[in-house]
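A quick write-up on the structure given underneath.
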Amino acid sequence: MRFEVVKTIYKAALSDPKIIFLTGDLGHAHADDFKKNLPGQYYNVGIAEQNMIGIAAGLALSGHRVFAYSIAPFATLRCLEQIKVDICYQNVGVVVIGVAAGYAYSTCGCTHHAIEDIAAMKALPNMQIYSPSNPLEARLITEYLLSTSSPAYLRIGKGGEPDTKTEYALEIGKGLIVKPGNEITIFATGTIVNEGIAAANILESKGISTEVINLHTIKPLDVELIESRAQTRNAIFVLEEHNIIGGLGESIARIICECAGSKKPLFRCFGVPDKYNDRTGSHKYMLSCYGLNGESIAQKVSSLITKA
Amino acid sequence: MAESTYLAEQAHKIRNLVLDMIFEAKSSHLGCALSIVDILTALYFGDVLRVDSQNPDNENRDIFILSKGHACVALYATLALKGYFPIEKLKEYGTDGTKIGDHNTLGALPGIETTNGSLGHGLPLGIGMALAAKRAGRQSRVFVLVGDGELQEGSNWEALMFAGHHRLDNLILIVDNNNLETMGSTDGILSLSDLNIKFDAFGWDNRNIYGHSFLEIIHQLNTPRDKPFALVCQTTKGMGVPFMHGDHIWHGKCPTKEEYERAKRELNRGEQ
């Protein structure tokens with residue numbers, strides 16, 4: 001995903017000198033072209049995220065579209081107040097790119113995990129949040145961000161995510177139905193959307209028609225779509241690689257509760273419980289600690305529906 | 001000498017406005033605002049800043065960032081006197097619904113370039129604006145005014161490293177070095193030690209001067225440099241009102257009626 005994102009920005013920057021890429025000393029290989037061919041539009045600011053965000057905002061105040069790049073927890077939490085004051089309150093055109101969403105840097109431990117970033121970014125007025133599930137979506141969202149000037153947080157994977165076999169379009173701010181179904185709905189965001197699809201396929205084989213909706217835009221949320229499912233589904237589930245406190249699930253729950261005509265469907269959020277995990281391992285292992293894989297999710301959904 | 005008298009008159013007017021505004025609004029940060037009045041006077045009335053109050057968004061202008069945003073009343077008064085907006089506008093300060101609050105906010109008044117309040121933000125913003133000016137081939141300089149206590153924020157040192165490394169010679173840092181912060185003396189709370197040695201080490205040209213000398217401030221700020229420049233101004237918190245001089249209580253205290261009247265008497269007798 002990071003290759004797609006940086007390559008997309010680089011291509012646009014070749015013909016637009018207003019585009020600037022800042023990195024907090026990250027980007028081996030995928031930012032090499034930028035560094036080599038557009039040195040005036042590329043700055044490695046060093047390992048200094050607060051300064052990076054301030055510089056980004058200063059450049060944006062002067063008319064530039066700026067992309068500030070680091071590992072997700074450092075890009076968001078280390079410099080949260082700079083993002084609040086310098087970017088969001090001043091409402092300037094900076095895109096914060098957080099690499100390695102959730103447990104993507106699985107073996108690096110809690111310091112490098114990002115399970116609080118959505119909560120922090122979500123509470124900032126003016127901030128938009130995008131969370132693509134694959135490299136194609138990462139490219140399409142980046143292309144959109146190049147065409148606008150709003151503050152935004154782009155939450156992407158670490159790399160190596162499988163790409164789609166075919167191209168498809170997505171509408172910014174609108175959920176994408178990646179698997180149709182008409183009994184229950186699973187909303188998911190980021191690379192974990194694939195686990196949602198795996199779960200839905202298992203449930204389908206058990207005769208439960210399951211829809212999966214990819215919410216690549218977390219803010220602004222597709223309220224209309226969520227309300228329509230609140231009015232028609234018996235059960236709604238949310239799947240996210242984030243603390244269940246402050247994540248996507250809470251936002252969806254609020255919309256369901258406030259929705260006129262809601263069937264008050266069974267609702268559960270599958271995410272990270274509110275505690276730190278001092279174990280490390282593969283990305284797959286980390287997700288399995290919380291049952292965030294297709295099989296476990298299908299099992300839990302099946303059990304909940306049976307009880308209901 | 002004539003210029004110096006003119007500047008002293010401007011500074012005197014600003015101090016009176018600052019006192020009136022803070023007393024009327026029952027707000028605070030009086031000592032902090034009085035501390036920087038002579039620096040602001042030199043910048044805006046001493047032919048340092050290349051700005052046009054009638055065309056505040058001119059893209060070739062110099063940029064001034066008040067990073068110690070809590071002293072913004074002095075900036076509001078200075079901008080009014082410079083003609084950015086009518087002086088009557090200052091009466092809004094401290095009223096319900098105004099954008100002219102206790103910290104400078106982008107868009108609140110013409111001439112305000114950035115939002116500040118939380119400390120340690122001005123210098124990184126200034127670097128971004130200085131880089132943008134260089135990229136566009138503009139001659140604009142960027143001036144950032146910080147307090148000495150503010151330099152305890154680590155973000156400043158990230159920024160100092162960056163500007164020194166990139167030799168941003170269109171960036172100027174001014175330190176209002178009154179050696180006082182909210183709870184007492186900066187030296188006693190968390191000493192900055194010798195700032196000039198630090199600026200040297202970070203690759204900045206720098207000087208240390210008496211911060212209430214208009215001519216010295218102007219001379220230093222208008223001298224061309226080949227790298228970023230830090231001007232450490234030795235200032236007195238509460239300058240212009242002798243009974244407030246060097247007392248940290250005037251960081252956060254609002255003057256009573258008696259204190260306000262005494263301050264006005266002392267200020268207008270010219271007791272400094």
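Chain labels A, B, ... are given in the sequence in which chains occur in the structure tokens; within each chain residues are numbered consecutively from 1, and ligands are likewise numbered from 1 in the order shown.
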
Exercise for the section: Enumerate as a PyMOL selection string all residues of range 22-264 of chain B assigned to alpha helix (DSSP H) by DSSP on the backbone, naming them with the chain letters and numbers the document uses. Expected result: chain B and resi 22-25+30-35+37-45+72-82+122-135+154-165+186-190+195-201+214-221+257-264

Practice task
Would you mind listing what lies within 8 Å of Lys264 in chain A as an NGL selection string, with only C-alpha atoms counted and same-chain residues fewer than 4 positions away left out?
Solution key: :A and (230-231 or 234 or 256-257)

Emit the selected residues as a tab-separated table (two decimals), in the first residue's frame, including C-alpha atoms.
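Saved the output as result_37.tsv:
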chain	number	residue	atom	x	y	z
A	230	ALA	CA	-30.25	-0.20	10.78
A	231	GLN	CA	-33.75	-0.18	9.31
A	234	ASN	CA	-31.61	-8.07	12.23
A	256	ILE	CA	-27.90	3.10	14.70
A	257	CYS	CA	-29.15	4.32	18.09

Practice task
Check the smallest atom-to-atom distance from each of A:Ser15, A:Thr8, A:Asn201, A:Ser62 to chain B using only C-alpha atoms, then report the winner.
Solution key: A:Ser62

Tell me, counting only C-alpha atoms, for each residue of range 53-109 of chain B within 12 Å of range 158-176 of chain B, which pair of atoms is nearest and how far apart they are in Å to one decimal, in rows ordered by chain and increasing number, as CSV.
residue,atom,partner,partner_atom,distance
B:Asp62,CA,B:Asn170,CA,9.5
B:Ile63,CA,B:Leu171,CA,9.6
B:Phe64,CA,B:Ile172,CA,9.6
B:Ile65,CA,B:Leu173,CA,9.7
B:Leu66,CA,B:Ile174,CA,9.8
B:Ser67,CA,B:Ile174,CA,10.0
B:Lys68,CA,B:Asp176,CA,9.1
B:Ala71,CA,B:Asp176,CA,10.8

Problem - Selection near range 277-291 of chain A, 10 Å with only C-alpha atoms, sequence-local residues under 3 positions removed, as a ChimeraX atom specification - result: /A:102-110,113,192,241,270-274,294-300

Taking only residues of chain B that have an atom at most 9 Å from an atom of chain A, what is each one's shortest atom pair and its distance in Å to one decimal, using only C-alpha atoms, in chain and number order, as a tab-separated table?
residue	atom	partner	partner_atom	distance
B:Glu59	CA	A:Ser62	CA	8.8
B:Thr105	CA	A:Gln90	CA	8.3
B:Leu106	CA	A:Gln90	CA	6.7
B:Gly107	CA	A:Gln90	CA	8.9
B:Glu113	CA	A:Leu61	CA	8.8
B:Thr114	CA	A:Gln90	CA	7.7
B:Thr115	CA	A:Gln90	CA	6.7
B:Asn116	CA	A:Val85	CA	7.8
B:Gly117	CA	A:Val85	CA	8.9
B:Ser118	CA	A:Val85	CA	8.0
B:His121	CA	A:Gly54	CA	6.5
B:Gly122	CA	A:Gly54	CA	7.9
B:Leu123	CA	A:Gly54	CA	7.9
B:Pro124	CA	A:Gly54	CA	4.5
B:Leu125	CA	A:Gly58	CA	4.2
B:Gly126	CA	A:Gly58	CA	6.2
B:Ile127	CA	A:Ile55	CA	5.7
B:Gly128	CA	A:Gly58	CA	4.0
B:Met129	CA	A:Gly58	CA	4.8
B:Ala130	CA	A:Gly58	CA	8.2
B:Leu131	CA	A:Leu59	CA	7.1
B:Ala132	CA	A:Leu59	CA	5.6
B:Ala133	CA	A:Ser62	CA	7.9
B:Arg135	CA	A:Gly40	CA	7.6
B:Gly154	CA	A:Gln50	CA	8.8
B:Ser155	CA	A:Asn51	CA	5.9
B:Asn156	CA	A:Asn51	CA	7.8
B:Trp157	CA	A:Asn51	CA	8.8
B:Glu158	CA	A:Asn51	CA	5.9
B:Ala159	CA	A:Asn51	CA	5.7
B:Phe162	CA	A:Val45	CA	6.9

Output for the residues just chosen: C-alpha atoms as a PDB file, in the first residue's frame:
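The new file out-v8.pdb reads:
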ATOM      1  CA  GLU B  59       2.404  37.352  -1.070  1.00  0.00           C
ATOM      2  CA  THR B 105      -6.050  33.019  15.992  1.00  0.00           C
ATOM      3  CA  LEU B 106      -5.727  32.860  12.229  1.00  0.00           C
ATOM      4  CA  GLY B 107      -8.523  34.842  10.621  1.00  0.00           C
ATOM      5  CA  GLU B 113      -0.629  34.991  10.240  1.00  0.00           C
ATOM      6  CA  THR B 114      -1.058  31.907  12.430  1.00  0.00           C
ATOM      7  CA  THR B 115      -2.909  30.406  15.344  1.00  0.00           C
ATOM      8  CA  ASN B 116      -0.877  30.166  18.507  1.00  0.00           C
ATOM      9  CA  GLY B 117      -1.516  29.608  22.165  1.00  0.00           C
ATOM     10  CA  SER B 118      -0.076  26.221  22.870  1.00  0.00           C
ATOM     11  CA  HIS B 121       4.322  25.703  17.620  1.00  0.00           C
ATOM     12  CA  GLY B 122       5.528  28.953  16.049  1.00  0.00           C
ATOM     13  CA  LEU B 123       9.012  27.956  14.974  1.00  0.00           C
ATOM     14  CA  PRO B 124       8.031  24.786  13.041  1.00  0.00           C
ATOM     15  CA  LEU B 125       5.251  26.761  11.328  1.00  0.00           C
ATOM     16  CA  GLY B 126       7.775  29.479  10.518  1.00  0.00           C
ATOM     17  CA  ILE B 127      10.111  26.931   8.975  1.00  0.00           C
ATOM     18  CA  GLY B 128       7.332  25.731   6.678  1.00  0.00           C
ATOM     19  CA  MET B 129       6.596  29.294   5.622  1.00  0.00           C
ATOM     20  CA  ALA B 130      10.281  30.113   5.157  1.00  0.00           C
ATOM     21  CA  LEU B 131      10.731  26.994   3.006  1.00  0.00           C
ATOM     22  CA  ALA B 132       7.681  27.953   0.937  1.00  0.00           C
ATOM     23  CA  ALA B 133       9.071  31.460   0.371  1.00  0.00           C
ATOM     24  CA  ARG B 135      10.711  27.556  -3.090  1.00  0.00           C
ATOM     25  CA  GLY B 154      11.031  20.170  22.847  1.00  0.00           C
ATOM     26  CA  SER B 155       9.452  20.950  19.484  1.00  0.00           C
ATOM     27  CA  ASN B 156      11.556  24.128  19.354  1.00  0.00           C
ATOM     28  CA  TRP B 157      14.739  22.124  19.420  1.00  0.00           C
ATOM     29  CA  GLU B 158      13.587  19.827  16.636  1.00  0.00           C
ATOM     30  CA  ALA B 159      12.910  22.972  14.640  1.00  0.00           C
ATOM     31  CA  PHE B 162      16.143  21.529  11.031  1.00  0.00           C
TER      32      PHE B 162
END

Problem - Nearby residues (only C-alpha atoms) at most 9 Å from Leu146 in chain A, same-chain spacing under 5 positions excluded, as a list in words - result: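 Selected residues are Thr8, Ile9, Ala12, Ile19, Arg65 and Ile141 of chain A.
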
Save the residues we just selected, C-alpha atoms, as a tab-separated table (two decimals), in the first residue's frame?
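Below is the file that was written, out.tsv:
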chain	number	residue	atom	x	y	z
A	8	THR	CA	0.76	8.22	-6.72
A	9	ILE	CA	1.89	11.35	-4.89
A	12	ALA	CA	1.33	14.05	-9.37
A	19	ILE	CA	2.93	19.12	-3.79
A	65	ARG	CA	-0.54	20.47	-0.56
A	141	ILE	CA	-8.01	7.61	-2.21

Handout entry: Per-residue DSSP, range 48-156 of chain A, filtered to strand (DSSP E), as a ChimeraX atom specification
Key = /A:65-71,94-99,128-130,152-155

Handout entry: Close residues, Glu259 in chain B itself excluded, 12 Å, only C-alpha atoms, min 2 positions apart in chain, as a list in words
Key =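 Neighbouring residues, sequence-local ones excluded: Leu19, Asp20, Phe23, Leu30, Val241, Pro242, Phe243, Met244, Trp250, Lys253, Cys254, Pro255, Thr256, Lys257, Glu261, Arg262, Ala263, Lys264, Arg265, Glu266 and Leu267 of chain B.
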
Handout entry: 8 Å contact set for range 126-133 of chain A, only C-alpha atoms, chain neighbours under 2 positions out, as number ranges by chain
Key = A: 88-89, 91, 118, 121-122, 124, 135, 137-138, 141, 150-156, 189-194, 214-220

Practice task
Determine, counting only C-alpha atoms, which protein, DNA and RNA residues have an atom within 8 Å of an atom of range 2-7 of chain B; residues of the same chain fewer than 5 positions away are not included. Present the result as a ChimeraX atom specification.
Solution key: /B:41-42,45-46,214-215
